[in-house]
Amino acid sequence: MEVTGTWNQRGVALLRITVGIIFLWAGIEKLVGPQPFDAAGFLKFGTNGTLGWPFVSGEVAEGTIFNPTHAFWAGLADNAALLSGINALVLYGEIAIGIALILGLFTRFAGAMGTLMMLLFFFAAWNFAYGIVNQHLAYALICATVTGLGAGRYYGLDGVLAARFPAGVRRTLMSGDPVPATA
């Protein structure tokens, strides 16, 4: 897809940079926090899920599990080797996705990984207390949009460096072919 018009291209770049800052901030918070980042607590206790009206009304018994994938996430928390890898992937993945999106470098790969990460968070949290749309789904859709638009071509390094890479790399990892210069 080609985004035409200077203001439209600036808007796409702003969207890419903004979501990049959100990812980078989340990763840096985990990196410099007072306690080392550990996903075990969330995987064990934050994946029970919630449901809202019309699925649930009245008082819900404490400890009720609504998330059909809860056992999978809790099982990951009980495996020390997997948990170590998950901790690293979340922490450094958020930082890497954020930097790549801010710079507009390998934007399609970064956007696809951001989409995947947010969809995994969406299913892990299973938070439908206020409807089906929550922040994880919204970020996944934004990342997918950035990926599909090839947002790194607009005021990003993908646009500057595209000519130096083979077409297959440009189309799958970067933001596609370079934007033709306008008069």
# chains A, B, ... in the order shown; residues from 1 in each chain; ligands from 1
>>> residues_around(residues="region 48-57 of chain A", least_positions_apart="6", cutoff="9 Å", atoms="only C-alpha atoms", output="PyMOL selection string")
chain A and resi 63-70+123-131
>>> write_last_selection(atoms="all heavy atoms", output="short mmCIF file (atom, residue, chain, number, x, y, z; two decimals), in the first residue's frame")
data_model
loop_
_atom_site.label_atom_id
_atom_site.label_comp_id
_atom_site.auth_asym_id
_atom_site.auth_seq_id
_atom_site.Cartn_x
_atom_site.Cartn_y
_atom_site.Cartn_z
N GLY A 63 -11.29 -16.46 42.65
CA GLY A 63 -10.52 -17.56 42.09
C GLY A 63 -11.16 -18.22 40.88
O GLY A 63 -10.62 -19.18 40.35
N THR A 64 -12.31 -17.71 40.44
CA THR A 64 -12.96 -18.27 39.26
C THR A 64 -12.07 -18.06 38.04
O THR A 64 -11.55 -16.97 37.84
CB THR A 64 -14.34 -17.62 39.02
OG1 THR A 64 -15.14 -17.83 40.17
CG2 THR A 64 -15.01 -18.20 37.80
N ILE A 65 -11.88 -19.09 37.26
CA ILE A 65 -11.04 -19.00 36.07
C ILE A 65 -11.95 -18.96 34.85
O ILE A 65 -12.71 -19.90 34.59
CB ILE A 65 -10.07 -20.19 35.99
CG1 ILE A 65 -9.11 -20.13 37.17
CG2 ILE A 65 -9.32 -20.19 34.66
CD1 ILE A 65 -8.18 -21.31 37.29
N PHE A 66 -11.87 -17.86 34.11
CA PHE A 66 -12.65 -17.69 32.89
C PHE A 66 -11.81 -17.97 31.64
O PHE A 66 -12.35 -18.24 30.59
CB PHE A 66 -13.19 -16.26 32.80
CG PHE A 66 -14.21 -15.95 33.85
CD1 PHE A 66 -13.89 -15.15 34.92
CD2 PHE A 66 -15.50 -16.46 33.75
CE1 PHE A 66 -14.84 -14.86 35.88
CE2 PHE A 66 -16.45 -16.17 34.71
CZ PHE A 66 -16.12 -15.37 35.78
N ASN A 67 -10.51 -17.84 31.78
CA ASN A 67 -9.61 -17.97 30.62
C ASN A 67 -9.41 -19.44 30.27
O ASN A 67 -8.82 -20.19 31.05
CB ASN A 67 -8.27 -17.31 30.95
CG ASN A 67 -7.34 -17.25 29.76
OD1 ASN A 67 -7.54 -17.90 28.75
ND2 ASN A 67 -6.29 -16.45 29.88
N PRO A 68 -9.86 -19.87 29.09
CA PRO A 68 -9.68 -21.28 28.72
C PRO A 68 -8.21 -21.65 28.48
O PRO A 68 -7.88 -22.84 28.43
CB PRO A 68 -10.51 -21.43 27.44
CG PRO A 68 -10.64 -20.06 26.90
CD PRO A 68 -10.59 -19.13 28.06
N THR A 69 -7.33 -20.67 28.36
CA THR A 69 -5.91 -20.95 28.14
C THR A 69 -5.08 -20.82 29.42
O THR A 69 -3.86 -20.88 29.38
CB THR A 69 -5.34 -20.02 27.05
OG1 THR A 69 -5.40 -18.66 27.51
CG2 THR A 69 -6.08 -20.16 25.74
N HIS A 70 -5.73 -20.63 30.56
CA HIS A 70 -5.03 -20.41 31.83
C HIS A 70 -4.02 -21.51 32.15
O HIS A 70 -2.90 -21.22 32.56
CB HIS A 70 -6.04 -20.26 32.97
CG HIS A 70 -5.40 -20.27 34.32
ND1 HIS A 70 -4.69 -19.20 34.82
CD2 HIS A 70 -5.35 -21.24 35.29
CE1 HIS A 70 -4.23 -19.49 36.02
NE2 HIS A 70 -4.63 -20.72 36.33
N PHE A 123 -4.59 -12.86 24.78
CA PHE A 123 -5.15 -14.16 25.16
C PHE A 123 -4.73 -14.58 26.57
O PHE A 123 -5.48 -15.26 27.26
CB PHE A 123 -4.78 -15.23 24.13
CG PHE A 123 -5.56 -15.10 22.87
CD1 PHE A 123 -4.95 -14.68 21.70
CD2 PHE A 123 -6.92 -15.35 22.84
CE1 PHE A 123 -5.67 -14.53 20.52
CE2 PHE A 123 -7.66 -15.21 21.68
CZ PHE A 123 -7.03 -14.79 20.52
N ALA A 124 -3.54 -14.18 26.99
CA ALA A 124 -3.11 -14.51 28.35
C ALA A 124 -3.95 -13.77 29.38
O ALA A 124 -4.39 -14.36 30.37
CB ALA A 124 -1.63 -14.18 28.53
N ALA A 125 -4.19 -12.49 29.17
CA ALA A 125 -4.94 -11.70 30.15
C ALA A 125 -6.43 -12.03 30.12
O ALA A 125 -7.09 -12.03 31.15
CB ALA A 125 -4.73 -10.21 29.88
N TRP A 126 -6.98 -12.29 28.94
CA TRP A 126 -8.39 -12.66 28.76
C TRP A 126 -9.29 -11.70 29.54
O TRP A 126 -10.11 -12.10 30.36
CB TRP A 126 -8.63 -14.10 29.19
CG TRP A 126 -9.84 -14.72 28.59
CD1 TRP A 126 -11.08 -14.79 29.16
CD2 TRP A 126 -9.96 -15.37 27.32
NE1 TRP A 126 -11.96 -15.44 28.33
CE2 TRP A 126 -11.28 -15.82 27.18
CE3 TRP A 126 -9.06 -15.61 26.29
CZ2 TRP A 126 -11.73 -16.48 26.06
CZ3 TRP A 126 -9.51 -16.27 25.18
CH2 TRP A 126 -10.83 -16.70 25.06
N ASN A 127 -9.12 -10.42 29.31
CA ASN A 127 -9.81 -9.39 30.08
C ASN A 127 -10.96 -8.81 29.27
O ASN A 127 -10.76 -7.94 28.43
CB ASN A 127 -8.82 -8.28 30.46
CG ASN A 127 -9.45 -7.23 31.33
OD1 ASN A 127 -10.62 -7.29 31.67
ND2 ASN A 127 -8.65 -6.25 31.70
N PHE A 128 -12.16 -9.30 29.55
CA PHE A 128 -13.34 -8.85 28.83
C PHE A 128 -14.35 -8.17 29.76
O PHE A 128 -15.53 -8.11 29.46
CB PHE A 128 -14.02 -10.02 28.10
CG PHE A 128 -13.12 -10.65 27.08
CD1 PHE A 128 -12.73 -11.97 27.20
CD2 PHE A 128 -12.64 -9.92 26.01
CE1 PHE A 128 -11.89 -12.56 26.26
CE2 PHE A 128 -11.81 -10.49 25.07
CZ PHE A 128 -11.43 -11.81 25.19
N ALA A 129 -13.87 -7.66 30.89
CA ALA A 129 -14.77 -7.01 31.84
C ALA A 129 -15.44 -5.78 31.24
O ALA A 129 -16.54 -5.42 31.62
CB ALA A 129 -14.01 -6.63 33.11
N TYR A 130 -14.76 -5.13 30.31
CA TYR A 130 -15.31 -3.91 29.69
C TYR A 130 -15.52 -4.09 28.18
O TYR A 130 -15.51 -3.13 27.44
CB TYR A 130 -14.38 -2.72 29.96
CG TYR A 130 -14.16 -2.52 31.42
CD1 TYR A 130 -12.98 -2.93 32.03
CD2 TYR A 130 -15.16 -1.97 32.22
CE1 TYR A 130 -12.79 -2.76 33.39
CE2 TYR A 130 -14.99 -1.80 33.58
CZ TYR A 130 -13.79 -2.20 34.15
OH TYR A 130 -13.62 -2.04 35.50
N GLY A 131 -15.70 -5.30 27.73
CA GLY A 131 -15.91 -5.58 26.32
C GLY A 131 -14.72 -6.28 25.71
O GLY A 131 -13.72 -6.53 26.38
#
>>> residues_around(residues="Ile28 (chain A)", least_positions_apart="3", cutoff="12 Å", atoms="only C-alpha atoms", output="ChimeraX atom specification")
/A:21-25,31-34,36-37,90-99
>>> atom_distance(atom1="CA of Thr147 (chain A)", atom2="CA of Trp7 (chain A)")
19.0 Å
>>> residues_around(residues="Leu161 (chain A)", least_positions_apart="3", cutoff="10 Å", atoms="only C-alpha atoms", output="PyMOL selection string")
chain A and resi 105-106+153+156-158+164-165+170+174+178
>>> write_last_selection(atoms="N, CA and C atoms", output="short mmCIF file (atom, residue, chain, number, x, y, z; two decimals), in the first residue's frame")
data_model
loop_
_atom_site.label_atom_id
_atom_site.label_comp_id
_atom_site.auth_asym_id
_atom_site.auth_seq_id
_atom_site.Cartn_x
_atom_site.Cartn_y
_atom_site.Cartn_z
N LEU A 105 13.25 0.99 11.22
CA LEU A 105 14.22 0.03 10.69
C LEU A 105 13.68 -1.38 10.86
N PHE A 106 13.65 -2.14 9.76
CA PHE A 106 13.06 -3.48 9.75
C PHE A 106 11.65 -3.42 10.35
N ARG A 153 8.99 3.31 5.59
CA ARG A 153 9.36 4.03 4.36
C ARG A 153 9.18 5.52 4.53
N GLY A 156 11.65 7.09 7.93
CA GLY A 156 12.31 6.03 8.68
C GLY A 156 13.51 5.51 7.92
N LEU A 157 14.32 4.73 8.61
CA LEU A 157 15.54 4.19 7.99
C LEU A 157 15.24 3.17 6.90
N ASP A 158 14.10 2.50 6.96
CA ASP A 158 13.76 1.57 5.88
C ASP A 158 13.73 2.29 4.54
N ARG A 164 19.59 -0.73 -0.66
CA ARG A 164 20.79 -1.53 -0.35
C ARG A 164 20.48 -2.99 -0.05
N PHE A 165 19.20 -3.33 0.01
CA PHE A 165 18.81 -4.70 0.38
C PHE A 165 18.08 -5.36 -0.78
N ARG A 170 13.47 -6.50 1.63
CA ARG A 170 12.69 -5.25 1.72
C ARG A 170 11.22 -5.52 1.95
N MET A 174 11.60 -5.35 5.96
CA MET A 174 11.62 -3.89 5.98
C MET A 174 10.23 -3.37 5.62
N PRO A 178 11.40 1.25 -1.92
CA PRO A 178 11.55 2.68 -1.56
C PRO A 178 10.40 3.51 -2.14
#
>>> select_by_dssp(residues="region 32-176 of chain A", states="strand (DSSP E)", output="MDAnalysis selection string")
chainID A and resid 50:51 127:128
>>> write_last_selection(atoms="N, CA, C and O atoms", output="JSON list (two decimals), in the first residue's frame")
[["chain", "number", "residue", "atom", "x", "y", "z"],
["A", 50, "THR", "N", -11.21, -12.38, 32.91],
["A", 50, "THR", "CA", -12.44, -11.76, 33.41],
["A", 50, "THR", "C", -13.46, -11.78, 32.29],
["A", 50, "THR", "O", -13.12, -11.79, 31.11],
["A", 51, "LEU", "N", -14.70, -11.80, 32.67],
["A", 51, "LEU", "CA", -15.80, -11.66, 31.72],
["A", 51, "LEU", "C", -16.73, -10.59, 32.24],
["A", 51, "LEU", "O", -16.80, -10.34, 33.45],
["A", 127, "ASN", "N", -9.12, -10.42, 29.31],
["A", 127, "ASN", "CA", -9.81, -9.39, 30.08],
["A", 127, "ASN", "C", -10.96, -8.81, 29.27],
["A", 127, "ASN", "O", -10.76, -7.94, 28.43],
["A", 128, "PHE", "N", -12.16, -9.30, 29.55],
["A", 128, "PHE", "CA", -13.34, -8.85, 28.83],
["A", 128, "PHE", "C", -14.35, -8.17, 29.76],
["A", 128, "PHE", "O", -15.53, -8.11, 29.46]]
>>> select_by_dssp(residues="region 93-131 of chain A", states="alpha helix (DSSP H)", output="VMD selection string")
chain A and resid 93 to 103 107 to 125
>>> residues_around(residues="Leu137 (chain A)", least_positions_apart="6", cutoff="10 Å", atoms="only C-alpha atoms", output="PyMOL selection string")
chain A and resi 115+118-123+143
>>> write_last_selection(atoms="all heavy atoms", output="compact mmCIF listing (two decimals), in the first residue's frame")
# COMPACT_ATOMS: atom_id res chain seq x y z
N THR A 115 2.76 -7.22 16.96
CA THR A 115 1.41 -7.78 16.82
C THR A 115 1.32 -9.12 17.54
O THR A 115 0.38 -9.36 18.31
CB THR A 115 1.04 -7.94 15.33
OG1 THR A 115 1.13 -6.69 14.68
CG2 THR A 115 -0.36 -8.51 15.17
N MET A 118 1.44 -8.67 21.38
CA MET A 118 0.20 -8.12 21.93
C MET A 118 -0.95 -9.13 21.85
O MET A 118 -1.79 -9.19 22.75
CB MET A 118 -0.18 -6.83 21.22
CG MET A 118 0.73 -5.66 21.55
SD MET A 118 0.69 -5.22 23.30
CE MET A 118 2.23 -5.89 23.88
N LEU A 119 -0.99 -9.95 20.81
CA LEU A 119 -2.03 -10.99 20.74
C LEU A 119 -1.82 -12.04 21.82
O LEU A 119 -2.78 -12.53 22.41
CB LEU A 119 -2.06 -11.62 19.35
CG LEU A 119 -2.66 -10.75 18.25
CD1 LEU A 119 -2.52 -11.43 16.89
CD2 LEU A 119 -4.12 -10.41 18.54
N LEU A 120 -0.56 -12.39 22.09
CA LEU A 120 -0.29 -13.33 23.18
C LEU A 120 -0.71 -12.73 24.51
O LEU A 120 -1.32 -13.42 25.35
CB LEU A 120 1.20 -13.71 23.19
CG LEU A 120 1.65 -14.62 22.05
CD1 LEU A 120 3.17 -14.75 22.03
CD2 LEU A 120 0.99 -15.99 22.13
N PHE A 121 -0.41 -11.44 24.73
CA PHE A 121 -0.85 -10.78 25.96
C PHE A 121 -2.37 -10.74 26.04
O PHE A 121 -2.96 -10.91 27.11
CB PHE A 121 -0.30 -9.35 26.04
CG PHE A 121 1.18 -9.24 26.30
CD1 PHE A 121 1.77 -7.99 26.35
CD2 PHE A 121 1.99 -10.34 26.48
CE1 PHE A 121 3.11 -7.85 26.59
CE2 PHE A 121 3.34 -10.22 26.70
CZ PHE A 121 3.91 -8.97 26.77
N PHE A 122 -3.02 -10.50 24.90
CA PHE A 122 -4.48 -10.44 24.85
C PHE A 122 -5.09 -11.76 25.32
O PHE A 122 -5.99 -11.78 26.15
CB PHE A 122 -4.91 -10.11 23.41
CG PHE A 122 -6.40 -10.11 23.19
CD1 PHE A 122 -7.19 -9.06 23.62
CD2 PHE A 122 -7.01 -11.17 22.52
CE1 PHE A 122 -8.57 -9.06 23.41
CE2 PHE A 122 -8.38 -11.17 22.30
CZ PHE A 122 -9.17 -10.11 22.75
N PHE A 123 -4.59 -12.86 24.78
CA PHE A 123 -5.15 -14.16 25.16
C PHE A 123 -4.73 -14.58 26.57
O PHE A 123 -5.48 -15.26 27.26
CB PHE A 123 -4.78 -15.23 24.13
CG PHE A 123 -5.56 -15.10 22.87
CD1 PHE A 123 -4.95 -14.68 21.70
CD2 PHE A 123 -6.92 -15.35 22.84
CE1 PHE A 123 -5.67 -14.53 20.52
CE2 PHE A 123 -7.66 -15.21 21.68
CZ PHE A 123 -7.03 -14.79 20.52
N CYS A 143 -0.12 -2.22 15.57
CA CYS A 143 1.10 -2.85 15.05
C CYS A 143 0.86 -3.49 13.68
O CYS A 143 1.70 -3.39 12.78
CB CYS A 143 1.65 -3.88 16.03
SG CYS A 143 2.44 -3.18 17.48
>>> residues_around(residues="Leu141 (chain A)", least_positions_apart="4", cutoff="12 Å", atoms="only C-alpha atoms", output="JSON list (two decimals) with N, CA and C atoms, in the first residue's frame")
[["chain", "number", "residue", "atom", "x", "y", "z"],
["A", 15, "LEU", "N", 2.42, 7.67, 13.96],
["A", 15, "LEU", "CA", 1.82, 6.46, 14.54],
["A", 15, "LEU", "C", 2.90, 5.44, 14.85],
["A", 19, "VAL", "N", 3.86, 4.27, 18.78],
["A", 19, "VAL", "CA", 3.75, 2.90, 19.28],
["A", 19, "VAL", "C", 5.15, 2.37, 19.63],
["A", 111, "GLY", "N", 6.95, -4.73, 13.51],
["A", 111, "GLY", "CA", 5.49, -4.62, 13.63],
["A", 111, "GLY", "C", 4.83, -5.97, 13.77],
["A", 112, "ALA", "N", 5.31, -6.96, 13.03],
["A", 112, "ALA", "CA", 4.75, -8.31, 13.13],
["A", 112, "ALA", "C", 5.02, -8.91, 14.50],
["A", 114, "GLY", "N", 5.54, -7.17, 17.25],
["A", 114, "GLY", "CA", 4.69, -6.43, 18.18],
["A", 114, "GLY", "C", 3.25, -6.93, 18.15],
["A", 115, "THR", "N", 2.76, -7.22, 16.96],
["A", 115, "THR", "CA", 1.41, -7.78, 16.82],
["A", 115, "THR", "C", 1.32, -9.12, 17.54],
["A", 116, "LEU", "N", 2.29, -9.99, 17.30],
["A", 116, "LEU", "CA", 2.30, -11.30, 17.94],
["A", 116, "LEU", "C", 2.35, -11.17, 19.46],
["A", 117, "MET", "N", 3.24, -10.31, 19.96],
["A", 117, "MET", "CA", 3.37, -10.14, 21.40],
["A", 117, "MET", "C", 2.06, -9.64, 22.01],
["A", 118, "MET", "N", 1.44, -8.67, 21.38],
["A", 118, "MET", "CA", 0.20, -8.12, 21.93],
["A", 118, "MET", "C", -0.95, -9.13, 21.85],
["A", 119, "LEU", "N", -0.99, -9.95, 20.81],
["A", 119, "LEU", "CA", -2.03, -10.99, 20.74],
["A", 119, "LEU", "C", -1.82, -12.04, 21.82],
["A", 122, "PHE", "N", -3.02, -10.50, 24.90],
["A", 122, "PHE", "CA", -4.48, -10.44, 24.85],
["A", 122, "PHE", "C", -5.09, -11.76, 25.32],
["A", 133, "VAL", "N", -12.67, -5.25, 23.32],
["A", 133, "VAL", "CA", -11.51, -4.43, 22.96],
["A", 133, "VAL", "C", -10.82, -3.93, 24.22],
["A", 134, "ASN", "N", -9.56, -4.32, 24.38],
["A", 134, "ASN", "CA", -8.74, -3.79, 25.47],
["A", 134, "ASN", "C", -7.44, -3.28, 24.88],
["A", 135, "GLN", "N", -6.53, -2.80, 25.73],
["A", 135, "GLN", "CA", -5.32, -2.18, 25.21],
["A", 135, "GLN", "C", -4.47, -3.16, 24.40],
["A", 136, "HIS", "N", -4.44, -4.42, 24.77],
["A", 136, "HIS", "CA", -3.62, -5.38, 24.04],
["A", 136, "HIS", "C", -4.13, -5.58, 22.61],
["A", 137, "LEU", "N", -5.43, -5.69, 22.46],
["A", 137, "LEU", "CA", -6.00, -5.84, 21.13],
["A", 137, "LEU", "C", -5.80, -4.56, 20.31],
["A", 145, "THR", "N", -1.35, -2.55, 11.52],
["A", 145, "THR", "CA", -1.50, -1.44, 10.57],
["A", 145, "THR", "C", -0.15, -0.89, 10.16],
["A", 146, "VAL", "N", 0.72, -0.66, 11.14],
["A", 146, "VAL", "CA", 2.08, -0.17, 10.85],
["A", 146, "VAL", "C", 2.81, -1.14, 9.93],
["A", 147, "THR", "N", 2.63, -2.44, 10.19],
["A", 147, "THR", "CA", 3.25, -3.47, 9.36],
["A", 147, "THR", "C", 2.72, -3.42, 7.94],
["A", 148, "GLY", "N", 1.42, -3.40, 7.81],
["A", 148, "GLY", "CA", 0.79, -3.41, 6.49],
["A", 148, "GLY", "C", 1.09, -2.17, 5.66]]
>>> atom_distance(atom1="CA of Leu83 (chain A)", atom2="CA of Gly20 (chain A)")
25.0 Å
>>> residues_around(residues="Val3 (chain A)", least_positions_apart="5", cutoff="10 Å", atoms="only C-alpha atoms", output="number ranges by chain")
A: 8-12, 149-151, 153-154, 179
>>> atom_distance(atom1="CA of Ile102 (chain A)", atom2="CA of Ile86 (chain A)")
23.6 Å
>>> closest_residue(among="A:Met113, A:Ala71, A:Ala138, A:Met1", to="Leu101 (chain A)", atoms="only C-alpha atoms")
A:Met113
>>> decode(residues="region 44-72 of chain A", atoms="C-alpha atoms", output="short mmCIF file (atom, residue, chain, number, x, y, z; two decimals), in the first residue's frame")
data_model
loop_
_atom_site.label_atom_id
_atom_site.label_comp_id
_atom_site.auth_asym_id
_atom_site.auth_seq_id
_atom_site.Cartn_x
_atom_site.Cartn_y
_atom_site.Cartn_z
CA LYS A 44 0.22 -17.91 37.39
CA PHE A 45 -2.21 -15.38 38.81
CA GLY A 46 -2.96 -12.81 36.11
CA THR A 47 -4.27 -15.24 33.54
CA ASN A 48 -7.54 -16.25 35.24
CA GLY A 49 -9.32 -13.81 32.96
CA THR A 50 -12.44 -11.76 33.41
CA LEU A 51 -15.80 -11.66 31.72
CA GLY A 52 -18.40 -8.96 31.78
CA TRP A 53 -22.04 -8.56 31.02
CA PRO A 54 -23.84 -10.32 29.32
CA PHE A 55 -21.66 -13.34 30.08
CA VAL A 56 -21.42 -12.81 33.81
CA SER A 57 -23.69 -10.93 36.17
CA GLY A 58 -23.83 -10.79 39.93
CA GLU A 59 -21.01 -11.76 42.26
CA VAL A 60 -18.25 -13.99 40.94
CA ALA A 61 -16.56 -16.40 43.34
CA GLU A 62 -12.97 -15.46 44.07
CA GLY A 63 -10.52 -17.56 42.09
CA THR A 64 -12.96 -18.27 39.26
CA ILE A 65 -11.04 -19.00 36.07
CA PHE A 66 -12.65 -17.69 32.89
CA ASN A 67 -9.61 -17.97 30.62
CA PRO A 68 -9.68 -21.28 28.72
CA THR A 69 -5.91 -20.95 28.14
CA HIS A 70 -5.03 -20.41 31.83
CA ALA A 71 -3.50 -23.87 32.33
CA PHE A 72 -1.10 -23.27 29.44
#
